[in-house]
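With CSV, C-alpha atoms inside, this is upload_3.csv:
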```
chain,number,residue,atom,x,y,z
M,1,MET,CA,0.0,0.0,0.0
M,2,ARG,CA,1.2,3.5,-0.9
M,3,GLN,CA,2.6,5.6,2.0
M,4,VAL,CA,0.9,8.9,2.6
M,5,ALA,CA,2.7,11.8,4.2
M,6,VAL,CA,0.9,12.3,7.6
M,7,GLN,CA,-0.1,15.8,8.3
M,8,PRO,CA,0.7,17.1,11.8
M,9,ASP,CA,-2.5,16.7,13.8
M,10,LYS,CA,-3.7,20.0,15.0
M,11,SER,CA,-5.5,18.4,17.8
M,12,ASP,CA,-2.3,17.1,19.4
M,13,PRO,CA,-3.0,16.9,23.0
M,14,LYS,CA,-1.1,19.4,25.1
M,15,PRO,CA,-0.9,19.2,28.9
M,16,LEU,CA,-4.0,20.8,30.4
M,17,THR,CA,-3.7,23.6,32.9
M,18,GLU,CA,-4.8,22.7,36.4
M,19,PRO,CA,-8.0,24.7,36.4
M,20,VAL,CA,-9.0,23.1,33.1
M,21,LEU,CA,-8.2,19.6,34.3
M,22,LEU,CA,-10.2,20.1,37.5
M,23,ILE,CA,-13.2,21.5,35.6
M,24,LEU,CA,-13.2,18.6,33.2
M,25,MET,CA,-12.9,16.2,36.2
M,26,SER,CA,-15.7,17.9,38.0
M,27,LEU,CA,-18.0,17.7,35.0
M,28,ALA,CA,-17.1,14.1,34.2
M,29,SER,CA,-19.5,12.7,36.8
M,30,LYS,CA,-22.5,15.0,36.1
M,31,PRO,CA,-23.4,18.5,34.7
M,32,ARG,CA,-22.9,21.3,37.1
M,33,HIS,CA,-23.5,25.1,37.2
M,34,GLY,CA,-20.8,27.6,38.1
M,35,TYR,CA,-21.0,27.7,41.9
M,36,ALA,CA,-21.4,23.9,42.1
M,37,LEU,CA,-18.3,23.6,39.9
M,38,MET,CA,-16.4,26.0,42.2
M,39,ARG,CA,-17.3,24.0,45.3
M,40,ASP,CA,-16.6,20.6,43.7
M,41,ILE,CA,-13.2,21.7,42.6
M,42,GLU,CA,-12.3,22.8,46.1
M,43,ASP,CA,-13.4,19.4,47.4
M,44,LEU,CA,-11.6,17.5,44.6
M,45,SER,CA,-8.3,19.3,45.4
M,46,ASN,CA,-8.8,18.9,49.2
M,47,GLY,CA,-9.2,22.7,49.6
M,48,ARG,CA,-5.8,23.3,47.8
M,49,VAL,CA,-7.3,25.0,44.7
M,50,ARG,CA,-10.0,27.6,45.0
M,51,LEU,CA,-10.7,29.1,41.6
M,52,SER,CA,-11.8,32.7,41.5
M,53,THR,CA,-14.9,33.5,39.5
M,54,GLY,CA,-12.8,35.2,36.8
M,55,THR,CA,-10.5,32.2,36.4
M,56,LEU,CA,-13.3,29.8,36.4
M,57,TYR,CA,-15.3,31.6,33.7
M,58,GLY,CA,-12.2,32.4,31.6
M,59,ALA,CA,-11.5,28.7,31.5
M,60,LEU,CA,-15.2,27.9,30.8
M,61,ARG,CA,-15.2,30.3,27.9
M,62,ARG,CA,-12.2,28.6,26.3
M,63,LEU,CA,-13.6,25.1,26.9
M,64,LEU,CA,-16.9,26.2,25.3
M,65,ALA,CA,-15.0,27.6,22.3
M,66,ASP,CA,-13.2,24.3,21.9
M,67,HIS,CA,-16.5,22.4,22.2
M,68,TRP,CA,-15.1,20.4,25.1
M,69,ILE,CA,-18.1,21.4,27.2
M,70,GLU,CA,-21.6,22.6,26.4
M,71,ARG,CA,-23.9,25.0,28.1
M,72,PHE,CA,-27.6,24.3,28.7
M,73,GLU,CA,-30.5,25.7,30.7
M,74,GLN,CA,-31.0,23.7,33.9
M,75,LYS,CA,-34.6,23.8,35.0
M,76,ASP,CA,-34.4,24.5,38.7
M,77,THR,CA,-37.3,24.8,41.2
M,78,SER,CA,-36.2,28.3,42.1
M,79,ARG,CA,-34.9,29.7,38.7
M,80,ALA,CA,-33.3,28.6,35.5
M,81,LYS,CA,-29.6,28.1,35.9
M,82,GLN,CA,-26.9,27.8,33.2
M,83,ALA,CA,-25.2,24.5,33.7
M,84,TYR,CA,-22.3,22.9,31.9
M,85,LYS,CA,-21.8,19.4,30.7
M,86,LEU,CA,-18.9,17.5,29.3
M,87,MET,CA,-18.9,16.8,25.5
M,88,PRO,CA,-17.3,13.7,24.0
M,89,ALA,CA,-14.3,15.8,22.8
M,90,GLY,CA,-13.7,17.0,26.4
M,91,ARG,CA,-14.1,13.5,27.8
M,92,LYS,CA,-11.5,12.3,25.3
M,93,GLN,CA,-9.1,15.1,26.3
M,94,LEU,CA,-9.6,14.2,30.0
M,95,GLU,CA,-8.8,10.6,29.4
M,96,ILE,CA,-5.7,11.5,27.4
M,97,GLU,CA,-4.5,13.8,30.2
M,98,LEU,CA,-5.2,11.2,32.9
M,99,ASP,CA,-3.3,8.6,30.9
M,100,ARG,CA,-0.4,11.0,30.6
M,101,MET,CA,-0.4,11.6,34.3
M,102,LYS,CA,-0.5,7.9,35.0
M,103,GLN,CA,2.5,7.4,32.8
M,104,LEU,CA,4.4,10.2,34.6
M,105,THR,CA,3.5,8.8,37.9
M,106,ARG,CA,4.7,5.3,36.9
M,107,ALA,CA,8.0,6.7,35.5
M,108,GLY,CA,8.5,8.8,38.7
M,109,THR,CA,7.8,5.8,40.9
M,110,LEU,CA,10.3,3.7,39.0
M,111,ARG,CA,13.0,6.3,39.3
M,112,LEU,CA,12.4,6.6,43.0
M,113,ARG,CA,12.6,2.8,43.5
M,114,ALA,CA,15.7,2.6,41.4
M,115,ARG,CA,17.4,5.2,43.6
M,116,GLU,CA,16.3,3.5,46.8
M,117,ALA,CA,17.6,0.2,45.5
U,1,MET,CA,-24.5,44.2,49.5
U,2,THR,CA,-21.5,46.4,49.0
U,3,LEU,CA,-19.1,43.8,47.8
U,4,LEU,CA,-21.5,42.6,45.2
U,5,ARG,CA,-22.0,46.1,44.0
U,6,ILE,CA,-18.3,46.7,43.7
U,7,TYR,CA,-17.8,43.3,41.9
U,8,ASN,CA,-20.6,44.2,39.4
U,9,ARG,CA,-18.9,47.5,38.7
U,10,LEU,CA,-15.6,45.6,38.1
U,11,LEU,CA,-17.3,43.2,35.7
U,12,ARG,CA,-17.7,46.2,33.4
U,13,LEU,CA,-14.0,46.0,32.7
U,14,TYR,CA,-14.6,42.8,30.7
U,15,PRO,CA,-15.2,43.0,26.9
U,16,ARG,CA,-18.9,43.7,26.1
U,17,GLU,CA,-19.6,40.3,24.5
U,18,TYR,CA,-18.0,38.4,27.4
U,19,ARG,CA,-20.1,40.4,29.9
U,20,ALA,CA,-23.3,39.7,27.9
U,21,SER,CA,-22.5,36.0,27.9
U,22,PHE,CA,-21.2,35.4,31.4
U,23,GLY,CA,-21.7,38.6,33.4
U,24,ALA,CA,-25.0,37.7,35.1
U,25,GLU,CA,-23.8,34.2,35.9
U,26,MET,CA,-20.5,35.4,37.4
U,27,SER,CA,-22.3,37.9,39.5
U,28,ALA,CA,-24.6,35.2,40.9
U,29,VAL,CA,-21.7,32.9,41.6
U,30,PHE,CA,-19.8,35.7,43.3
U,31,ALA,CA,-22.9,36.4,45.5
U,32,ASN,CA,-23.2,32.8,46.5
U,33,ALA,CA,-19.5,32.5,47.3
U,34,ALA,CA,-19.5,35.7,49.2
U,35,ARG,CA,-22.5,34.6,51.3
U,36,ASP,CA,-20.7,31.3,52.0
U,37,ARG,CA,-17.5,33.1,53.1
U,38,GLY,CA,-19.4,35.6,55.1
U,39,ARG,CA,-20.3,32.9,57.5
U,40,ARG,CA,-16.6,32.3,58.3
U,41,GLY,CA,-16.0,35.9,59.5
U,42,TRP,CA,-15.0,39.2,58.1
U,43,ILE,CA,-11.3,38.3,57.6
U,44,ALA,CA,-12.3,35.3,55.4
U,45,THR,CA,-14.6,37.6,53.5
U,46,ILE,CA,-11.9,40.2,52.9
U,47,CYS,CA,-9.4,37.6,51.8
U,48,PHE,CA,-12.0,36.1,49.5
U,49,PHE,CA,-12.7,39.5,48.0
U,50,LEU,CA,-9.1,40.3,47.4
U,51,ALA,CA,-8.5,36.9,45.7
U,52,GLU,CA,-11.6,37.5,43.6
U,53,VAL,CA,-10.4,41.0,42.5
U,54,THR,CA,-6.9,39.7,41.7
U,55,GLY,CA,-8.4,36.8,39.7
U,56,LEU,CA,-10.7,39.2,37.9
U,57,GLY,CA,-7.9,41.6,37.0
U,58,LEU,CA,-5.9,38.8,35.4
U,59,ALA,CA,-8.9,37.4,33.7
U,60,VAL,CA,-9.9,40.8,32.3
U,61,ALA,CA,-6.4,41.3,30.8
U,62,HIS,CA,-6.5,37.8,29.3
U,63,GLU,CA,-9.9,38.3,27.8
U,64,TRP,CA,-8.9,41.6,26.2
U,65,ALA,CA,-5.8,40.0,24.8
U,66,ALA,CA,-7.8,37.1,23.4
U,67,LYS,CA,-10.4,39.5,21.9
U,68,ILE,CA,-7.8,41.8,20.3
U,69,ALA,CA,-5.8,38.8,18.9
U,70,TYR,CA,-9.0,37.4,17.4
U,71,LEU,CA,-10.5,40.6,16.1
U,72,LEU,CA,-7.4,41.6,14.3
U,73,SER,CA,-8.2,39.2,11.5
U,74,HIS,CA,-11.9,38.5,12.1
U,75,SER,CA,-15.0,40.5,12.0
U,76,THR,CA,-17.1,38.2,14.1
U,77,SER,CA,-17.5,38.0,17.9
U,78,TYR,CA,-14.6,36.2,19.6
U,79,ILE,CA,-17.0,34.5,21.9
U,80,ASP,CA,-19.3,32.8,19.5
U,81,GLY,CA,-18.0,33.8,16.1
U,82,ARG,CA,-18.6,31.4,13.3
U,83,CYS,CA,-16.6,31.4,10.1
U,84,LEU,CA,-18.1,31.2,6.7
U,85,PRO,CA,-16.9,28.1,4.8
U,86,ASN,CA,-13.7,28.7,2.9
U,87,PRO,CA,-14.2,27.9,-0.8
U,88,LEU,CA,-10.5,27.0,-0.9
U,89,LEU,CA,-11.3,24.0,1.3
U,90,MET,CA,-14.3,22.8,-0.8
U,91,ARG,CA,-13.6,20.1,-3.3
U,92,ALA,CA,-15.8,20.0,-6.4
U,93,PRO,CA,-17.5,16.6,-7.1
U,94,GLY,CA,-15.3,14.3,-9.1
U,95,VAL,CA,-12.1,16.2,-8.3
U,96,SER,CA,-9.6,14.3,-6.2
U,97,TRP,CA,-7.8,15.8,-3.2
U,98,LEU,CA,-4.5,15.6,-5.1
U,99,GLN,CA,-5.8,17.6,-8.0
U,100,HIS,CA,-7.6,19.9,-5.7
U,101,TYR,CA,-4.5,20.9,-3.9
U,102,GLY,CA,-2.2,20.5,-7.0
U,103,TRP,CA,0.3,18.1,-5.4
U,104,GLY,CA,2.3,17.3,-8.4
U,105,ALA,CA,4.5,14.5,-7.0
U,106,SER,CA,1.6,12.7,-5.4
U,107,ASP,CA,-0.5,13.2,-8.5
U,108,ALA,CA,1.8,10.8,-10.4
U,109,ALA,CA,1.5,8.3,-7.6
U,110,ALA,CA,-2.2,8.7,-7.6
U,111,ALA,CA,-2.5,8.1,-11.3
U,112,GLN,CA,-0.4,5.0,-10.8
U,113,GLY,CA,-2.7,4.0,-7.9
U,114,GLU,CA,-5.8,4.6,-10.0
U,115,ASP,CA,-4.4,2.2,-12.6
U,116,ASP,CA,-4.1,-0.6,-10.0
U,117,GLY,CA,-7.4,0.4,-8.4
U,118,THR,CA,-6.2,1.6,-5.0
U,119,ALA,CA,-6.4,5.3,-5.3
U,120,GLY,CA,-10.2,5.6,-4.7
U,121,SER,CA,-10.1,3.7,-1.4
U,122,LEU,CA,-7.1,5.7,-0.2
U,123,TRP,CA,-8.4,9.2,-0.9
U,124,ASP,CA,-12.1,8.9,-0.6
U,125,GLY,CA,-12.4,7.5,2.9
U,126,GLU,CA,-14.1,9.5,5.5
U,127,GLY,CA,-11.1,9.6,7.8
U,128,THR,CA,-9.0,10.9,5.0
U,129,ASN,CA,-11.4,13.7,4.2
U,130,GLU,CA,-11.5,14.6,7.8
U,131,GLN,CA,-7.7,14.7,7.9
U,132,PHE,CA,-7.4,17.0,5.0
U,133,GLY,CA,-10.4,19.0,6.1
U,134,ASN,CA,-8.4,20.0,9.1
U,135,ARG,CA,-5.7,21.7,7.0
U,136,GLN,CA,-5.7,25.2,8.2
U,137,ALA,CA,-6.0,28.0,5.7
U,138,PRO,CA,-7.2,31.4,6.9
U,139,CYS,CA,-11.0,31.1,7.2
U,140,MET,CA,-13.4,33.1,5.1
U,141,ASN,CA,-13.9,35.7,7.7
U,142,ALA,CA,-10.2,36.3,7.9
U,143,ASN,CA,-10.1,36.8,4.1
U,144,GLN,CA,-13.1,39.1,4.1
U,145,THR,CA,-11.7,41.1,7.0
U,146,PHE,CA,-8.4,41.5,5.3
U,147,ALA,CA,-10.1,42.6,2.0
U,148,LEU,CA,-12.1,45.2,3.8
U,149,ALA,CA,-9.4,46.3,6.3
U,150,SER,CA,-7.7,49.7,6.3
U,151,PRO,CA,-4.1,49.7,5.0
U,152,ILE,CA,-2.7,50.0,8.5
U,153,ARG,CA,-4.8,47.0,9.7
U,154,ARG,CA,-3.7,45.0,6.7
U,155,LEU,CA,-0.1,45.8,7.5
U,156,ILE,CA,-0.6,44.7,11.1
U,157,ILE,CA,-2.3,41.4,9.9
U,158,LEU,CA,0.6,40.7,7.5
U,159,ILE,CA,3.1,41.3,10.3
U,160,VAL,CA,1.3,39.4,13.0
U,161,GLY,CA,-0.1,36.8,10.6
U,162,PHE,CA,-3.7,35.5,10.2
U,163,ARG,CA,-5.1,34.3,13.5
U,164,GLU,CA,-6.3,30.7,13.2
U,165,CYS,CA,-9.9,30.4,13.9
U,166,ARG,CA,-11.0,27.9,16.6
U,167,HIS,CA,-14.3,27.4,14.9
U,168,CYS,CA,-13.1,26.4,11.5
```
What would you get if you wrote out this structure as structure tokens?
Amino acid sequence: MRQVAVQPDKSDPKPLTEPVLLILMSLASKPRHGYALMRDIEDLSNGRVRLSTGTLYGALRRLLADHWIERFEQKDTSRAKQAYKLMPAGRKQLEIELDRMKQLTRAGTLRLRAREA
Amino acid sequence: MTLLRIYNRLLRLYPREYRASFGAEMSAVFANAARDRGRRGWIATICFFLAEVTGLGLAVAHEWAAKIAYLLSHSTSYIDGRCLPNPLLMRAPGVSWLQHYGWGASDAAAAQGEDDGTAGSLWDGEGTNEQFGNRQAPCMNANQTFALASPIRRLIILIVGFRECRHC
């Protein structure tokens, strides 16, 4: 079979920033609105990361532009809230990032063990 | 609530489109978070407010930079701008990708492939189309904006280069 020159893939995964990773992780289980996201991220990171509203919505804007998440009206008993849910592209990026971190962890652990030995 | 009023004033520093899209939501989130922190005492509230203002300042700078970079070569909103399809990326029916892009060296190989009946399967697959569809050329909006831009803006676009569109 003839070989075809492979074009560099523009969707090459780059390491995600911590806020983006935490937002994707938070949305992986269920859709959430802004404040719920903020609280969940604080819980996820054991209180280490507390995103400011500006940082949170800046990251959400970029994720919406990349179609990694989607915005939808959440019908609430009190009032309609804008909630965010993870899209397949976002889930894929999250999986890639978690795999990358797993690999790093494995490599780091091996180095540590080698040094101890 | 004074803090909320100050925060709402600060939200005006964001670009207009951003404010229209996220302003009300950000204000509501801030109000909830401030109420939550208020229960932990006034020191916690002040620390929270300072952190919010710092975060907002950085985010405002980032958003303006993103807006300016996008608007330099686009005439649509940087929040939800959609590009018109670029005719350069459209392939007429019956024209192969090789002919479409004028890849001479590969053309010969394709012609050879057509002889042995492999060219069609290689170039007409959905994955292949997707792969070549991702080739980035300046989007139609970028071209239109450039055509209608003032000489100074054109010069800046040529120096800085076309800003790739996230929506293409």
Contact residues around segment 63-74 of chain U with all atoms listed in the file at 7 Å, ignoring same-chain residues under 6 positions, as an NGL selection string:
:U and (15 or 141-142 or 145-146 or 157 or 162-163)
Starting from chain M, keep only residues with some atom at most 8 Å from an atom of chain U, counting all atoms listed in the file, and report them as an MDAnalysis selection string.
chainID M and resid 7 10 34:35 52:55 57:58 61 65:66 82
Which value, in Å to one decimal, gives the distance between atom CA of Leu86 of chain M and atom CA of Leu60 of chain M?
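Distance reported for this atom pair: 11.1 Å.
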Calculated over all atoms listed in the file, which of the candidates M:Met25, M:Leu104, M:Val20, M:Leu56 has the smallest distance to Leu44 of chain M?
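Among M:Met25, M:Leu104, M:Val20, M:Leu56, it is M:Met25 that comes nearest to Leu44 of chain M.
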I'd like the neighbourhood of Thr2 of chain U as a PyMOL selection string, where a residue qualifies if any of its atoms comes within 12 Å (using all atoms listed in the file), though same-chain residues fewer than 3 positions away should be ignored.
chain U and resi 5-9+31+34+49
Just the selected residues (C-alpha atoms), exported as a PDB file, in the frame of the given file, please.
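Here's the written file part_11.pdb:
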```
ATOM      1  CA  ARG U   5     -22.000  46.100  44.000  1.00  0.00           C
ATOM      2  CA  ILE U   6     -18.300  46.700  43.700  1.00  0.00           C
ATOM      3  CA  TYR U   7     -17.800  43.300  41.900  1.00  0.00           C
ATOM      4  CA  ASN U   8     -20.600  44.200  39.400  1.00  0.00           C
ATOM      5  CA  ARG U   9     -18.900  47.500  38.700  1.00  0.00           C
ATOM      6  CA  ALA U  31     -22.900  36.400  45.500  1.00  0.00           C
ATOM      7  CA  ALA U  34     -19.500  35.700  49.200  1.00  0.00           C
ATOM      8  CA  PHE U  49     -12.700  39.500  48.000  1.00  0.00           C
TER       9      PHE U  49
END
```
Return the single residue from M:Leu21, M:Ala89, M:Ala117, M:Leu112 that is closest to Ser45 of chain M, with distances computed using all atoms listed in the file.
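Closest to Ser45 of chain M of all the choices is M:Leu21.
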May I ask which of the residues M:Gly108, M:Lys85, M:Ala59, M:Leu64 is the closest one to Ser29 of chain M, counting all atoms listed in the file?
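The closest residue to Ser29 of chain M is M:Lys85.
Straight-line separation from atom CA of Ile152 of chain U to atom CA of Cys139 of chain U: 20.7 Å.
Of the listed residues M:Lys14, M:Arg50, M:His33, M:Arg71, the one whose atoms come nearest to Ile96 of chain M is M:Lys14, with distances taken using all atoms listed in the file.
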Hey, can you check how far atom CA of Thr105 of chain M sits from atom CA of Pro15 of chain M?
14.4 Å
Quick one: residues within 12 Å of Pro88 of chain M, only C-alpha atoms counted, chain neighbours fewer than 6 positions away excluded, as a ChimeraX atom specification?
/M:24,27-28,66-70,94-95
Residue selection dump (C-alpha atoms) as an mmCIF file, in the coordinates of the input:
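Written file, again-v2.cif:
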```
data_model
loop_
_atom_site.group_PDB
_atom_site.id
_atom_site.type_symbol
_atom_site.label_atom_id
_atom_site.label_comp_id
_atom_site.auth_asym_id
_atom_site.auth_seq_id
_atom_site.Cartn_x
_atom_site.Cartn_y
_atom_site.Cartn_z
ATOM 1 C CA LEU M 24 -13.200 18.600 33.200
ATOM 2 C CA LEU M 27 -18.000 17.700 35.000
ATOM 3 C CA ALA M 28 -17.100 14.100 34.200
ATOM 4 C CA ASP M 66 -13.200 24.300 21.900
ATOM 5 C CA HIS M 67 -16.500 22.400 22.200
ATOM 6 C CA TRP M 68 -15.100 20.400 25.100
ATOM 7 C CA ILE M 69 -18.100 21.400 27.200
ATOM 8 C CA GLU M 70 -21.600 22.600 26.400
ATOM 9 C CA LEU M 94 -9.600 14.200 30.000
ATOM 10 C CA GLU M 95 -8.800 10.600 29.400
#
```
